[in-house]
Structures are given as structure tokens and as C-alpha cells.
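Beneath this line is the structure, given in C-alpha cells, with notes to follow.
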Amino acid sequence: MLAAPALFNELLTAPRRVDWNHDRRINDQDEWIELFNPGATEVNLSGWHLDTGRNSTRYRFAGAFRIPAGGYLVLFRRSTRLALNDRGGTLRLLRPDLSVAASINFPALGPDASYSRDDAGAWHGDWAPSPRQANSPGLPTPPPVITTMPERR
């Protein structure tokens with residue numbers, strides 16, 4: 001059996017305030033899935049598929065769909081037509097014969113929050129989105145500064 005040529009690395013299911021696909025609209029088409037090639041050579045996903053579980057719509061990688069060594073591929077909903085469930089769900093990478101090569105179950109995510117894989121393979125729902133780059137915990141959001149304005153006399 002063919003091993004998965006790339007890993008699920010990050011996904012975002014609930015776009016609300018950011019135009020992630022840069023089409024000047026914020027809507028469900030901004031949902032995205034990121035794959036990562038951890039290998040030392042380029043991978044070709046031609047003929048492989050993505051789906052959201054059994055009996056769901058499948059996205060087929062057509063033509064020469066390549067991810068460079070150490071590279072990332074971000075796929076937006078407008079391209080894949082795969083709807084990611086805001087309340088959590090499953091995402092699968094299927095071999096050309098439609099057998100499952102990789103699968104991830106993801107939880108409900110907040111607005112513009114991503115589900116990110118770390119270098120050890122653990123998943124995090126509290127890391128800042130980082131499409132097309134390495135995932136990291138990032139800096140915590142500082143608390144708001146409250147300033148009192150003097151009253152006018």
C-alpha cells in the first residue's frame with residue numbers, strides 16, 4: 001500500500017472575520033485545509049482524493065498536483081467544494097484506489113481558529129492560524145489595557 005505522501009497539518013472550519021482566500025469576501029469559501037510534505041523529495045498527489053467521511057463528496061487531485069520537499073499546500077473550499085463542519089468532523093486523504101491513507105477527527109472550532117499539528121504529531125485547537133508556514137503556539141494575546149479619560153470640566 002502507498003503511504004500517505006503528505007500529512008494533514010492544519011485546517012480552519014469557521015471563517016468569520018478574515019478573508020483567508022483573498023477574494024474580497026468573508027464567507028464559508030474561506031475554509032481551508034493544509035497539507036505538509038515532511039519528506040526530502042517532492043510529492044505528487046495526482047489521483048489522490050480528500051473527503052469528509054464515508055459517503056461524502058470527494059475532491060480529486062487532478063493533473064500534476066505537487067508539494068515540494070518541506071512544503072505546504074493550502075486548499076480552500078472554493079477549490080475542493082468540501083464543506084468542513086464547524087461543530088467538528090472528519091477529514092480523510094484517500095489513495096487513488098479510495099482506500100484511506102490518513103484520517104483526522106477534528107473538534108468544534110471557534111471563529112477563525114485553526115486546528116494545528118505540531119512536530120510531534122499532536123493536535124492543538126488554541127494555536128494561531130499559520131497557513132503555508134510551520135505551526136507554533138505563538139504568543140499569548142495580551143490582556144486589554146483600560147485607560148480612564150479625565151472628565152472634561
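Residues in the C-alpha cells are named by chain (A, B, ... in the order shown) and by number from 1 within that chain; ligands are numbered from 1 in the order shown.
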
Contacts of Leu84 in chain A at 9 Å (only C-alpha atoms; same-chain gap of 4+ positions) as JSON, numbers by chain:
{"A": [11, 12, 13, 14, 31, 32, 52, 77, 88, 89, 90, 91]}

Excluding same-chain residues fewer than 2 positions from Arg60 in chain A, what lies within 6 Å of it counting only C-alpha atoms, as a list in words?
Trp48, His49 and Ala62 of chain A

Writing out the chosen residues with all heavy atoms as a PDB file, in the first residue's frame:
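Saved the output as out.pdb:
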```pdb
ATOM      1  N   TRP A  48      -4.964  11.184  -6.070  1.00  0.00           N
ATOM      2  CA  TRP A  48      -5.377  11.026  -4.676  1.00  0.00           C
ATOM      3  C   TRP A  48      -6.649  11.836  -4.457  1.00  0.00           C
ATOM      4  O   TRP A  48      -7.037  12.656  -5.286  1.00  0.00           O
ATOM      5  CB  TRP A  48      -4.261  11.486  -3.740  1.00  0.00           C
ATOM      6  CG  TRP A  48      -3.087  10.536  -3.702  1.00  0.00           C
ATOM      7  CD1 TRP A  48      -2.228  10.261  -4.732  1.00  0.00           C
ATOM      8  CD2 TRP A  48      -2.665   9.742  -2.599  1.00  0.00           C
ATOM      9  NE1 TRP A  48      -1.300   9.342  -4.323  1.00  0.00           N
ATOM     10  CE2 TRP A  48      -1.535   9.004  -3.020  1.00  0.00           C
ATOM     11  CE3 TRP A  48      -3.123   9.578  -1.294  1.00  0.00           C
ATOM     12  CZ2 TRP A  48      -0.864   8.123  -2.178  1.00  0.00           C
ATOM     13  CZ3 TRP A  48      -2.447   8.705  -0.460  1.00  0.00           C
ATOM     14  CH2 TRP A  48      -1.341   7.981  -0.907  1.00  0.00           C
ATOM     15  N   HIS A  49      -7.316  11.633  -3.312  1.00  0.00           N
ATOM     16  CA  HIS A  49      -8.580  12.298  -3.020  1.00  0.00           C
ATOM     17  C   HIS A  49      -8.605  12.799  -1.577  1.00  0.00           C
ATOM     18  O   HIS A  49      -7.917  12.265  -0.715  1.00  0.00           O
ATOM     19  CB  HIS A  49      -9.757  11.317  -3.168  1.00  0.00           C
ATOM     20  CG  HIS A  49      -9.864  10.680  -4.501  1.00  0.00           C
ATOM     21  ND1 HIS A  49     -10.739  11.108  -5.463  1.00  0.00           N
ATOM     22  CD2 HIS A  49      -9.217   9.625  -5.035  1.00  0.00           C
ATOM     23  CE1 HIS A  49     -10.627  10.345  -6.534  1.00  0.00           C
ATOM     24  NE2 HIS A  49      -9.702   9.436  -6.302  1.00  0.00           N
ATOM     25  N   ALA A  62      -6.319  16.407  -9.505  1.00  0.00           N
ATOM     26  CA  ALA A  62      -6.184  16.123 -10.933  1.00  0.00           C
ATOM     27  C   ALA A  62      -4.882  16.735 -11.457  1.00  0.00           C
ATOM     28  O   ALA A  62      -4.372  17.711 -10.916  1.00  0.00           O
ATOM     29  CB  ALA A  62      -7.370  16.699 -11.686  1.00  0.00           C
TER      30      ALA A  62
END
```

Within 8 Å of Ala108 in chain A using only C-alpha atoms, minus same-chain residues under 2 positions, as a PyMOL selection string:
chain A and resi 85-89+106+110

Give me, as a tab-separated table, the closest atom pair and its distance (Å, one decimal) for every residue of range 29-111 of chain A within a cut-off of 8 Å of range 130-139 of chain A, counting only C-alpha atoms, rows sorted by chain and rising number.
```
residue	atom	partner	partner_atom	distance
A:Glu34	CA	A:Pro131	CA	6.9
A:Gly71	CA	A:Arg132	CA	7.8
A:Tyr72	CA	A:Arg132	CA	5.3
A:Leu73	CA	A:Arg132	CA	6.7
A:Val74	CA	A:Arg132	CA	6.7
```

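Every protein, DNA or RNA residue with an atom at most 6 Å from Ala6 in chain A, where only C-alpha atoms count and chain neighbours fewer than 2 positions away do not, is listed here: A:Ala4, A:Phe36, A:Asn37.
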
Considering only C-alpha atoms, return as a list in words whatever protein or nucleic-acid residues lie within 9 Å of Arg78 in chain A, sequence-local ones (same chain, fewer than 4 positions apart) excluded.
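Using only C-alpha atoms, the neighbours found are Asn21, Asp28, Gln29, Asp30, Glu31 and Leu82 of chain A.
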
Mind giving me the straight-line distance from CA of Asp23 in chain A to CA of Phe65 in chain A in Å, one decimal?
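Atom-to-atom, CA of Asp23 in chain A and CA of Phe65 in chain A are spaced 22.3 Å apart.
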
Would you please give, as a list in words, all residues of range 13-126 of chain A that DSSP assigns to helix (DSSP H, G or I) based on the backbone?
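Taking range 13-126 of chain A and keeping helix (DSSP H, G or I) only, one gets Asp28, Gln29, Asp30, Arg77, Arg78, Ser79 and Thr80 of chain A.
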
In Å, with one decimal, what is the gap from CA of Gly125 in chain A to CA of Val100 in chain A?
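So the answer is 24.0 Å.
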
Write out as a PyMOL selection string which residues come within 6 Å of Arg92 in chain A when counting only C-alpha atoms, dropping same-chain ones fewer than 2 positions away.
chain A and resi 50-51+102-103

Keeping N, CA and C atoms for every residue in the selection just given, could you write it to a file as a compact mmCIF listing (two decimals), in the first residue's frame?
```txt
# COMPACT_ATOMS: atom_id res chain seq x y z
N LEU A 50 -9.47 13.77 -1.33
CA LEU A 50 -9.84 14.21 0.02
C LEU A 50 -11.33 14.03 0.16
N ASP A 51 -11.78 13.67 1.36
CA ASP A 51 -13.21 13.69 1.65
C ASP A 51 -13.42 13.96 3.13
N ALA A 102 -4.79 8.46 5.32
CA ALA A 102 -4.68 9.27 6.54
C ALA A 102 -6.06 9.81 6.87
N SER A 103 -6.30 9.98 8.16
CA SER A 103 -7.60 10.48 8.62
C SER A 103 -7.39 11.31 9.87
```

I'd like to know which of A:Asn44, A:Pro107, A:Ala113, A:Arg16 is closest to Trp127 in chain A, using only C-alpha atoms.
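Counting only C-alpha atoms, the residue closest to Trp127 in chain A is A:Ala113.
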